[in-house]
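**Student:** One structure is given below, represented as structure tokens, and several questions about it will come after.
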Amino acid sequence: SCVLLLLSGSARAFMGTSNNKMAFTTTTTTSSRLQVAAADATTTDFDVMEYIMAKKTVVDKALEESVTSTCPETAKIVESMMYSLLAGGKRIRPVLCIAACEMFDGTEEVCMPTAVALEMIHTMSLIHDDLPSMDNDDLRRGKPTNHVLYGEDVAILAGDALLSTSFQIVAENTKDVDPLRIIDVITRLGKSVGPVGLAGGQVMDLECEGKSNVTVEDLTWIHTHKTATLLQVAVSSGAILGGATPDQVKALEKFALNIGLAFQVADDILDVTQSTEELGKTAGKDEDTDKTTYPKLMGLDGSKKEAQRLIDEAKESLAPFGEKAVPLLALADFIIDRKN
């Protein structure tokens with residue numbers, strides 16, 4: 001039954017029925033680098049900011065239409081949800097999802113419910129991250145955090161409501177896709193916020209605050225689960241909805257894990273190099289709370305080198321896809337070149 005498949009995680013076994021015709025072959029490291037170099041040459045002519053803004057416009061419209069209050073009793077919770085959901089942001093996770101879907105000739109319409117769900121989950125994580133019991137921050141994306149305006153109680157419930165609504169949106173609104181693929185996407189979304197996802201990573205992050213014996217391996221575990229997992233699900237879900245085969249999804253998962261870790265390294269660097277005004281959130285917060293960060297363990301130069309290493313390794317995973325991967329390659333560069 002579908003329930004059994006969901007619980008066992010074996011829905012992926014049915015992904016081989018894809019009609020996708022893209023060739024996928026294993027390549028040597030040398031030939032992979034040559035293919036990446038050729039795709040990178042094309043990337044230099046690709047306007048990634050124009051691409052992001054075009055996709056962001058469509059995503060923002062879908063987000064605006066995603067939740068509405070249908071009676072006076074829900075007005076406050078919906079207002080709180082939408083305040084954070086529409087507070088700005090680059091929409092990197094939805095854009096990655098769409099780029100991966102389109103790489104396999106899927107459409108925006110097919111993956112938009114998942115793109116919206118990803119942003120809802122991400123927004124939930126920001127609302128909860130900023131709570132007094134977590135990072136205790138009063139500024140996010142240049143605006144007061146949710147609990148500052150609505151109170152800690154409503155902020156917690158708004159995050160909860162965004163999380164549950166995200167699954168509902170995927171289940172109800174994903175059309176013209178094999179149901180087993182939709183189950184696979186929902187399963188991945190669920191895992192991404194569980195004990196081996198965002199929640200587990202956040203707990204480990206809190207436990208490591210103020211400790212002097214935290215290792216790079218500990219930090220990698222934290223951000224593999226707290227940060228990279230949702231980016232990984234964004235890319236893999238887009239690919240699944242677009243019709244990718246299991247081997248193709250694995251290649252994209254490797255790409256996304258590396259860019260997810262690079263994203264966090266870049267975030268840690270920005271926290272010590274940019275101002276509060278530039279970041280739209282409190283700068284220097286990691287140092288103030290004695291968090292373990294990449295610059296703390298590797299130094300600023302070492303962190304920059306690590307971010308570039310992760311991006312280079314990510315790009316090699318996309319070598320078999322040639323020029324079809326240009327948007328994802330450009331987004332990888334954007335992740336470590338961004339200023340906020």
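Simple scheme: letters A, B, ... for chains in structure tokens order, numbers from 1 for residues in each chain, numbers from 1 for ligands in the order shown.
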Could you give me, as a list of chain:residue names, the residues within 9 Å of stretch 231-234 of chain A, counting only C-alpha atoms and dropping anything in the same chain fewer than 3 positions from it?

**Tutor:**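 Near neighbours after the sequence-gap exclusion: A:Ile92, A:Arg93, A:Pro94, A:Val95, A:Leu96, A:Cys97, A:Ile98, A:Ala100, A:Thr114, A:Ala115, A:Leu118, A:Val185, A:Arg188, A:Leu189, A:Ser192, A:Thr227, A:Ala228, A:Ser237, A:Gly238, A:Ala239, A:Leu252, A:Glu253, A:Lys254, A:Phe255, A:Ala256, A:Leu257, A:Asn258, A:Ile259, A:Gly260.
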
**Student:** Do you know which residues are at most 10 Å from A:Lys61 counting only C-alpha atoms, after dropping those on the same chain fewer than 5 positions away, and could you put them as a VMD selection string?

**Tutor:** chain A and resid 56 66 86 116

**Student:** Assign secondary structure with DSSP using the backbone only, and return the residues of stretch 17-159 of chain A in alpha helix (DSSP H) as a VMD selection string.

**Tutor:** chain A and resid 29 to 43 48 to 64 75 to 85 92 to 103 108 to 129 146 to 150 152 to 159

**Student:** A:Val265, A:Gly280, A:Thr220, A:Asp129: which is nearest A:Ala87, counting only C-alpha atoms?

**Tutor:**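 Closest to A:Ala87 of all the choices is A:Gly280.
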
**Student:** Name the residues in contact with stretch 150-162 of chain A at a cut-off of 10 Å, using only C-alpha atoms, excluding same-chain residues fewer than 6 positions from it; report them as number ranges by chain.

**Tutor:** A: 67, 76-85, 117, 119-128, 130-133, 168

**Student:** With only C-alpha atoms as the atoms that count, which of A:Asp267, A:Glu306, A:Glu65, A:Glu277 lies nearest to A:Val216?

**Tutor:**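 That would be A:Glu306, the residue with the smallest distance to A:Val216.
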
**Student:** Would you work out the distance separating atom CA of A:Leu241 from atom CA of A:Lys55, expressed in Å to one decimal?

**Tutor:** 17.2 Å

**Student:** Figure out the distance between atom CA of A:Pro246 and atom CA of A:Leu261, please, to one decimal in Å.

**Tutor:**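 Atom CA of A:Pro246 lies at a distance of 22.6 Å from atom CA of A:Leu261.
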
**Student:** How many Å separate atom CA of A:Gly197 from atom CA of A:Ala251?

**Tutor:**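 Separation of atom CA of A:Gly197 and atom CA of A:Ala251: 19.8 Å.
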
**Student:** Contacts between stretch 174-179 of chain A and stretch 213-298 of chain A, please, where a residue of stretch 213-298 of chain A counts if it comes within 10 Å (with only C-alpha atoms); show its shortest atom pair and distance in Å to one decimal, rows by chain and ascending number, as CSV.

**Tutor:**
residue,atom,partner,partner_atom,distance
A:Ile240,CA,A:Val177,CA,9.5
A:Leu241,CA,A:Val177,CA,6.7
A:Gly242,CA,A:Val177,CA,8.7
A:Gly243,CA,A:Val177,CA,8.7

**Student:** Write out, as a PDB file, in the first residue's frame, the residues just selected, with N, CA and C atoms.

**Tutor:**
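Saved as again08.pdb:
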ATOM      1  N   ILE A 240      13.175  14.847  -8.757  1.00  0.00           N
ATOM      2  CA  ILE A 240      12.186  13.757  -8.723  1.00  0.00           C
ATOM      3  C   ILE A 240      10.920  14.164  -9.460  1.00  0.00           C
ATOM      4  N   LEU A 241      10.430  15.367  -9.182  1.00  0.00           N
ATOM      5  CA  LEU A 241       9.210  15.851  -9.832  1.00  0.00           C
ATOM      6  C   LEU A 241       9.409  16.080 -11.326  1.00  0.00           C
ATOM      7  N   GLY A 242      10.660  16.360 -11.718  1.00  0.00           N
ATOM      8  CA  GLY A 242      10.966  16.561 -13.131  1.00  0.00           C
ATOM      9  C   GLY A 242      11.144  15.268 -13.911  1.00  0.00           C
ATOM     10  N   GLY A 243      11.267  14.138 -13.179  1.00  0.00           N
ATOM     11  CA  GLY A 243      11.383  12.847 -13.846  1.00  0.00           C
ATOM     12  C   GLY A 243      12.747  12.203 -13.792  1.00  0.00           C
TER      13      GLY A 243
END

**Student:** DSSP on the backbone, strand (DSSP E) only: what residues of stretch 99-260 of chain A does that give? Format it as a list in words.

**Tutor:**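 Everything in stretch 99-260 of chain A that counts as strand (DSSP E) is Leu139, Arg140, Lys143 and Pro144 of chain A.
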
**Student:** Tell me which protein, DNA and RNA residues are within 10 Å of A:Leu139, counting only C-alpha atoms, leaving out same-chain ones fewer than 4 positions away, and put them as a list in words.

**Tutor:**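 Answer for this query is Asp130, Lys143, Pro144, Thr145, Asn146, Val148, Thr276, Gly280, Lys281 and Thr282 of chain A.
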
**Student:** Applying 12 Å and only C-alpha atoms, which residues near A:Asp301 remain after dropping the ones on its own chain fewer than 6 positions away? List them as a PyMOL selection string.

**Tutor:** chain A and resi 265-266+269+273+294-295+307-308

**Student:** Dump N, CA and C atoms for the selected residues as a tab-separated table (two decimals), in the first residue's frame?

**Tutor:**
chain	number	residue	atom	x	y	z
A	265	VAL	N	29.09	27.75	5.59
A	265	VAL	CA	30.42	28.35	5.73
A	265	VAL	C	30.36	29.83	5.35
A	266	ALA	N	29.68	30.11	4.24
A	266	ALA	CA	29.54	31.50	3.79
A	266	ALA	C	28.78	32.33	4.82
A	269	ILE	N	31.08	33.20	7.62
A	269	ILE	CA	32.03	34.24	7.19
A	269	ILE	C	31.35	35.61	7.20
A	273	THR	N	32.15	39.43	8.89
A	273	THR	CA	32.71	40.39	7.93
A	273	THR	C	31.73	41.48	7.50
A	294	TYR	N	32.72	27.94	11.49
A	294	TYR	CA	33.87	27.59	10.66
A	294	TYR	C	35.03	28.56	10.85
A	295	PRO	N	34.80	29.88	10.86
A	295	PRO	CA	35.94	30.78	11.12
A	295	PRO	C	36.58	30.55	12.49
A	307	ALA	N	34.90	26.75	1.72
A	307	ALA	CA	33.70	27.04	0.94
A	307	ALA	C	33.94	26.80	-0.54
A	308	GLN	N	35.09	27.24	-1.03
A	308	GLN	CA	35.40	27.04	-2.46
A	308	GLN	C	35.61	25.57	-2.77
